[in-house]
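Colleague: Sharing upload_16.tsv below, TSV, C-alpha atoms:
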chain	number	residue	atom	x	y	z
A	1	MET	CA	0.00	0.00	0.00
A	2	ASP	CA	1.37	3.43	-0.89
A	3	PRO	CA	2.13	5.67	2.08
A	4	VAL	CA	-0.55	8.18	2.92
A	5	PRO	CA	0.67	11.74	2.36
A	6	PRO	CA	1.07	13.92	5.44
A	7	THR	CA	-2.05	15.80	6.41
A	8	PRO	CA	-1.92	19.59	6.47
A	9	SER	CA	-1.50	21.31	9.82
A	10	SER	CA	-4.68	23.29	9.31
A	11	PRO	CA	-7.86	22.06	7.63
A	12	PRO	CA	-9.62	24.01	4.90
A	13	PRO	CA	-12.66	25.95	6.10
A	14	ALA	CA	-15.81	23.88	6.51
A	15	PRO	CA	-19.34	25.18	5.85
A	16	SER	CA	-20.23	24.71	9.53
A	17	LEU	CA	-17.40	26.91	10.85
A	18	ARG	CA	-18.52	30.10	12.56
A	19	ARG	CA	-15.19	31.68	11.67
A	20	THR	CA	-12.12	30.64	9.74
A	21	PRO	CA	-8.85	30.69	11.68
A	22	VAL	CA	-6.38	33.29	10.44
A	23	GLN	CA	-3.39	32.83	12.72
A	24	GLN	CA	-1.48	29.54	12.89
A	25	ARG	CA	-2.12	29.27	16.63
A	26	SER	CA	-5.86	29.41	16.02
A	27	ALA	CA	-5.59	26.90	13.17
A	28	ASP	CA	-3.64	24.50	15.38
A	29	ARG	CA	-6.33	24.81	18.04
A	30	LEU	CA	-9.00	23.95	15.49
A	31	VAL	CA	-7.05	20.84	14.47
A	32	ARG	CA	-6.88	19.75	18.13
A	33	ILE	CA	-10.61	20.27	18.54
A	34	LEU	CA	-11.43	18.16	15.47
A	35	ASP	CA	-8.96	15.46	16.53
A	36	ALA	CA	-10.56	15.35	19.99
A	37	CYS	CA	-14.03	15.09	18.42
A	38	ALA	CA	-12.89	12.13	16.30
A	39	GLU	CA	-11.40	10.30	19.30
A	40	LEU	CA	-14.51	10.81	21.42
A	41	LEU	CA	-16.79	9.55	18.66
A	42	ASP	CA	-15.03	6.18	18.88
A	43	GLU	CA	-15.30	6.16	22.67
A	44	THR	CA	-18.77	7.55	23.36
A	45	GLY	CA	-20.71	7.58	20.09
A	46	TYR	CA	-22.42	10.55	18.48
A	47	GLU	CA	-25.39	10.74	20.82
A	48	ASN	CA	-23.17	11.07	23.90
A	49	LEU	CA	-20.73	13.47	22.28
A	50	SER	CA	-20.62	16.90	23.94
A	51	THR	CA	-18.80	20.11	23.14
A	52	ARG	CA	-17.58	20.29	26.75
A	53	ALA	CA	-16.00	16.83	26.52
A	54	VAL	CA	-14.34	17.84	23.25
A	55	ALA	CA	-12.92	20.97	24.89
A	56	VAL	CA	-11.52	18.94	27.80
A	57	ARG	CA	-9.95	16.33	25.48
A	58	ALA	CA	-8.48	19.04	23.23
A	59	GLY	CA	-7.12	20.96	26.22
A	60	VAL	CA	-8.84	24.20	25.24
A	61	PRO	CA	-11.43	26.43	26.95
A	62	ILE	CA	-15.05	25.64	26.07
A	63	GLY	CA	-15.26	29.13	24.57
A	64	SER	CA	-12.68	28.10	21.97
A	65	VAL	CA	-14.99	25.36	20.75
A	66	TYR	CA	-17.95	27.77	20.54
A	67	ARG	CA	-15.78	30.27	18.75
A	68	PHE	CA	-15.70	27.85	15.82
A	69	PHE	CA	-18.87	25.77	16.28
A	70	GLY	CA	-22.41	26.45	17.45
A	71	ASN	CA	-23.11	22.87	18.53
A	72	LYS	CA	-21.88	19.29	18.23
A	73	ARG	CA	-23.60	18.79	14.87
A	74	ALA	CA	-21.60	21.67	13.39
A	75	LEU	CA	-18.48	20.12	14.90
A	76	ALA	CA	-19.24	16.73	13.33
A	77	ILE	CA	-19.97	18.34	9.95
A	78	ALA	CA	-16.56	20.02	10.03
A	79	LEU	CA	-14.94	16.68	10.83
A	80	ALA	CA	-16.79	15.07	7.90
A	81	HIS	CA	-15.63	17.90	5.64
A	82	ARG	CA	-12.03	17.29	6.74
A	83	ASN	CA	-12.44	13.55	6.12
A	84	LEU	CA	-13.67	14.16	2.58
A	85	ASP	CA	-10.74	16.45	1.84
A	86	ARG	CA	-8.30	13.88	3.22
A	87	TYR	CA	-10.00	11.16	1.18
A	88	ALA	CA	-9.63	13.17	-2.03
A	89	ASP	CA	-5.98	13.94	-1.16
A	90	GLY	CA	-5.29	10.27	-0.45
A	91	ILE	CA	-6.77	9.21	-3.79
A	92	THR	CA	-4.79	11.89	-5.61
A	93	HIS	CA	-1.62	10.58	-3.96
A	94	ARG	CA	-2.40	7.01	-5.04
A	95	LEU	CA	-3.12	8.12	-8.61
A	96	THR	CA	0.32	9.66	-9.04
A	97	VAL	CA	1.78	6.19	-9.65
A	98	LEU	CA	-1.06	4.90	-11.85
A	99	PRO	CA	-1.26	5.26	-15.63
A	100	SER	CA	-4.18	7.12	-17.12
A	101	THR	CA	-4.79	4.40	-19.71
A	102	HIS	CA	-6.40	1.81	-17.44
A	103	TRP	CA	-9.41	2.72	-15.31
A	104	ARG	CA	-9.73	-0.42	-13.16
A	105	PRO	CA	-6.62	0.30	-11.02
A	106	VAL	CA	-7.97	3.82	-10.58
A	107	VAL	CA	-11.28	2.50	-9.27
A	108	ASP	CA	-9.34	0.12	-7.03
A	109	ALA	CA	-7.44	3.10	-5.61
A	110	VAL	CA	-10.73	4.81	-4.78
A	111	LEU	CA	-11.93	1.76	-2.86
A	112	ASP	CA	-8.56	1.05	-1.22
A	113	GLU	CA	-8.26	4.59	0.13
A	114	TYR	CA	-11.75	4.37	1.62
A	115	LEU	CA	-10.92	1.03	3.26
A	116	ALA	CA	-7.66	2.43	4.64
A	117	MET	CA	-9.50	5.36	6.22
A	118	LYS	CA	-12.24	3.09	7.52
A	119	ARG	CA	-9.63	0.98	9.31
A	120	SER	CA	-7.39	3.71	10.66
A	121	VAL	CA	-9.02	7.15	10.95
A	122	PRO	CA	-10.48	7.93	14.40
A	123	GLY	CA	-14.21	8.59	14.41
A	124	PHE	CA	-14.60	7.51	10.77
A	125	ALA	CA	-16.95	4.63	11.62
A	126	LEU	CA	-19.61	7.11	12.80
A	127	VAL	CA	-18.73	10.24	10.86
A	128	ASP	CA	-17.09	9.49	7.57
A	129	PHE	CA	-18.28	12.14	5.11
A	130	GLY	CA	-21.48	13.16	6.90
A	131	VAL	CA	-23.14	13.23	10.30
A	132	PRO	CA	-25.47	10.35	11.34
A	133	ALA	CA	-28.64	12.27	10.43
A	134	PRO	CA	-30.40	13.27	7.16
A	135	PRO	CA	-28.95	16.44	5.58
A	136	ALA	CA	-31.01	19.55	6.17
A	137	ASP	CA	-30.11	21.20	2.87
A	138	GLY	CA	-31.53	18.72	0.36
A	139	PRO	CA	-30.04	16.01	-1.88
A	140	ALA	CA	-27.08	18.16	-2.99
A	141	ALA	CA	-25.81	18.21	0.61
A	142	ASP	CA	-26.15	14.43	1.03
A	143	PRO	CA	-22.72	13.00	1.93
A	144	ASN	CA	-22.70	10.41	-0.86
A	145	HIS	CA	-23.65	13.10	-3.37
A	146	LEU	CA	-20.70	15.21	-2.22
A	147	VAL	CA	-18.39	12.18	-2.46
A	148	ALA	CA	-19.66	11.38	-5.96
A	149	VAL	CA	-19.00	14.94	-7.13
A	150	ARG	CA	-15.40	14.82	-5.90
A	151	LEU	CA	-14.82	11.34	-7.37
A	152	THR	CA	-16.24	12.32	-10.74
A	153	GLU	CA	-13.81	15.23	-10.82
A	154	LEU	CA	-10.84	13.05	-9.81
A	155	LEU	CA	-11.67	10.26	-12.27
A	156	SER	CA	-12.29	12.66	-15.13
A	157	THR	CA	-9.05	14.53	-14.55
A	158	HIS	CA	-6.89	11.42	-14.29
A	159	LEU	CA	-8.50	9.46	-17.12
A	160	GLY	CA	-8.92	12.43	-19.44
A	161	LEU	CA	-12.70	12.21	-19.52
A	162	THR	CA	-15.25	14.93	-20.03
A	163	PRO	CA	-17.70	14.67	-17.12
A	164	ASP	CA	-21.34	14.55	-18.18
A	165	ALA	CA	-24.66	13.63	-16.59
A	166	THR	CA	-24.25	9.94	-17.45
A	167	LEU	CA	-20.87	9.67	-15.74
A	168	GLU	CA	-22.00	11.70	-12.73
A	169	ARG	CA	-25.07	9.49	-12.27
A	170	ALA	CA	-23.04	6.27	-12.64
A	171	VAL	CA	-20.49	7.41	-10.04
A	172	LEU	CA	-23.27	8.40	-7.65
A	173	VAL	CA	-24.94	4.98	-8.01
A	174	ALA	CA	-21.57	3.25	-7.51
A	175	VAL	CA	-20.91	5.32	-4.38
A	176	GLU	CA	-24.32	4.49	-2.91
A	177	ALA	CA	-23.95	0.77	-3.62
A	178	THR	CA	-20.36	0.64	-2.37
A	179	ASP	CA	-21.27	2.50	0.81
A	180	ALA	CA	-23.98	-0.04	1.64
A	181	LEU	CA	-21.74	-3.04	0.90
A	182	ILE	CA	-18.77	-1.72	2.87
A	183	GLN	CA	-21.03	-1.03	5.84
A	184	LEU	CA	-22.10	-4.68	5.59
A	185	ALA	CA	-18.46	-5.83	5.36
A	186	PHE	CA	-17.57	-4.00	8.57
A	187	ARG	CA	-20.66	-5.27	10.40
A	188	VAL	CA	-19.62	-8.84	9.59
A	189	ASP	CA	-15.96	-8.28	10.46
A	190	PRO	CA	-14.55	-5.23	12.33
A	191	ALA	CA	-11.64	-5.22	9.88
A	192	GLY	CA	-13.92	-5.53	6.83
A	193	ASP	CA	-14.92	-8.99	5.65
A	194	PRO	CA	-12.49	-9.87	2.80
A	195	GLY	CA	-15.11	-11.80	0.83
A	196	ILE	CA	-17.61	-8.93	0.86
A	197	VAL	CA	-14.86	-6.45	0.01
A	198	ALA	CA	-13.90	-8.60	-2.97
A	199	GLU	CA	-17.53	-8.76	-4.11
A	200	THR	CA	-17.77	-4.98	-3.74
A	201	ARG	CA	-14.70	-4.51	-5.92
A	202	ALA	CA	-16.14	-6.85	-8.58
A	203	MET	CA	-19.43	-4.95	-8.48
A	204	MET	CA	-17.67	-1.62	-8.98
A	205	HIS	CA	-15.70	-2.97	-11.95
A	206	ALA	CA	-18.74	-4.55	-13.60
A	207	TYR	CA	-21.02	-1.57	-13.11
A	208	LEU	CA	-18.57	1.20	-14.05
A	209	ALA	CA	-17.39	-0.70	-17.14
A	210	ARG	CA	-20.50	0.53	-18.94
A	211	VAL	CA	-19.30	4.15	-18.74
A	212	LEU	CA	-15.51	3.79	-18.50
A	213	ASP	CA	-14.71	1.09	-21.07
Output the structure of this file as structure tokens.
Modeller:
Amino acid sequence: MDPVPPTPSSPPPAPSLRRTPVQQRSADRLVRILDACAELLDETGYENLSTRAVAVRAGVPIGSVYRFFGNKRALAIALAHRNLDRYADGITHRLTVLPSTHWRPVVDAVLDEYLAMKRSVPGFALVDFGVPAPPADGPAADPNHLVAVRLTELLSTHLGLTPDATLERAVLVAVEATDALIQLAFRVDPAGDPGIVAETRAMMHAYLARVLD
């Protein structure tokens, strides 16, 4: 597996941020807050997550949390936003060693990066690319829709494709199906059932062949 590139010291601004950090000290504090949120999600779950507990774990005053976030949902949304950016960066890193003439290894890289994050990123089991609740802003804000948009852009750029409605729809359907199957794989086995993962990979290849071959 290719090494994951180092993550930036400060995350890009998320839609749920009350204010964007300007100074490095403030940016570092935001990183600590998001890291603490991710750790606590694994330990307590989303329902029991509290902004006060996040502040204590991050070693910052509670006011620092509220400076950036109005509530725990906004905090989780920012974490999901960071996860999506890291996912896109991880895929981009994997694609640097892959030729643009064969799409199947590219699709494999998309799945492999997701599996790597699923197995190693704190809090990812509960908050991957969205909070555990329906989006309030309609289908365009749905986590899988956001993932599909980013993947369509990455695939098109690397493979030299012109994105159109057919490709966008196919990627969205593949994302939805893969999400459901990978959830099943990790319910069966905490590390991701190898047989279900293999079936998921075969499904992605077979389905996307209709638009990428």
Colleague: Could you check the closest approach to Lys72 (chain A) for each of A:Arg119, A:Arg29, A:Arg52, A:Arg18 and tell me which residue wins, using all atoms listed in the file?
Modeller: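 Checking each of A:Arg119, A:Arg29, A:Arg52, A:Arg18 against Lys72 (chain A), counting all atoms listed in the file, the winner is A:Arg52.
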Colleague: Nearest to Glu168 (chain A) among A:His145, A:Arg25, A:Arg67, A:Arg187, with distances taken over all atoms listed in the file: which residue is it?
Modeller: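 Ranking A:His145, A:Arg25, A:Arg67, A:Arg187 by distance to Glu168 (chain A), first place goes to A:His145.
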Colleague: Mind giving me the straight-line distance from CA of Pro132 (chain A) to CA of Val147 (chain A) in Å, one decimal?
Modeller: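 That distance, rounded to one decimal, is 15.6 Å.
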Colleague: Which neighbours of Asp35 (chain A) fall inside 9 Å, counting only C-alpha atoms, when residues of the same chain fewer than 3 positions from it are skipped, and could you give them as a ChimeraX atom specification?
Modeller: /A:30-32,38-40,54,58,79,122-123
Colleague: What lies within 9 Å of Thr178 (chain A) using all atoms listed in the file, ignoring chain neighbours under 6 positions off, as a list in words?
Modeller: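 With the cut-off at 9 Å, the set is Leu111, Thr200, Arg201, Met203 and Met204 of chain A.
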Colleague: I need the residue nearest Val131 (chain A) from this list: A:Ile182, A:Ala74, A:Val56, A:Met117. Use only C-alpha atoms for the distance.
Modeller: A:Ala74
Colleague: Restricting the calculation to all atoms listed in the file: of A:Ala174, A:Leu98, A:Val65, A:Ala125, which residue gets closest to Glu43 (chain A)?
Modeller: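 Nearest to Glu43 (chain A): A:Ala125.
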Colleague: Report as a list in words all protein, DNA and RNA residues lying within 10 Å of His158 (chain A), evaluated on all atoms listed in the file, omitting residues in the same chain fewer than 2 positions from it.
Modeller: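 The residues that qualify are Thr92, Leu95, Thr96, Leu98, Pro99, Ser100, Thr101, Trp103, Val106, Glu153, Leu154, Leu155, Ser156, Gly160 and Leu161 of chain A.
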Colleague: In Å, with one decimal, what is the gap from CA of Asp164 (chain A) to CA of Asp108 (chain A)?
Modeller: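 Spanning CA of Asp164 (chain A) to CA of Asp108 (chain A) is a straight-line distance of 21.8 Å.
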Colleague: Tell me which of A:Val188, A:Leu126, A:Val171, A:Pro143 sits closest to Thr44 (chain A), counting all atoms listed in the file.
Modeller: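 The answer is A:Leu126, which sits nearest to Thr44 (chain A).
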Colleague: List the neighbours of Tyr87 (chain A) out to 8 Å using all atoms listed in the file; skip same-chain residues closer than 4 positions along the sequence, and give me the result as a list of chain:residue names.
Modeller: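 Selected residues are A:Asn83, A:Ile91, A:Glu113, A:Tyr114, A:Met117.
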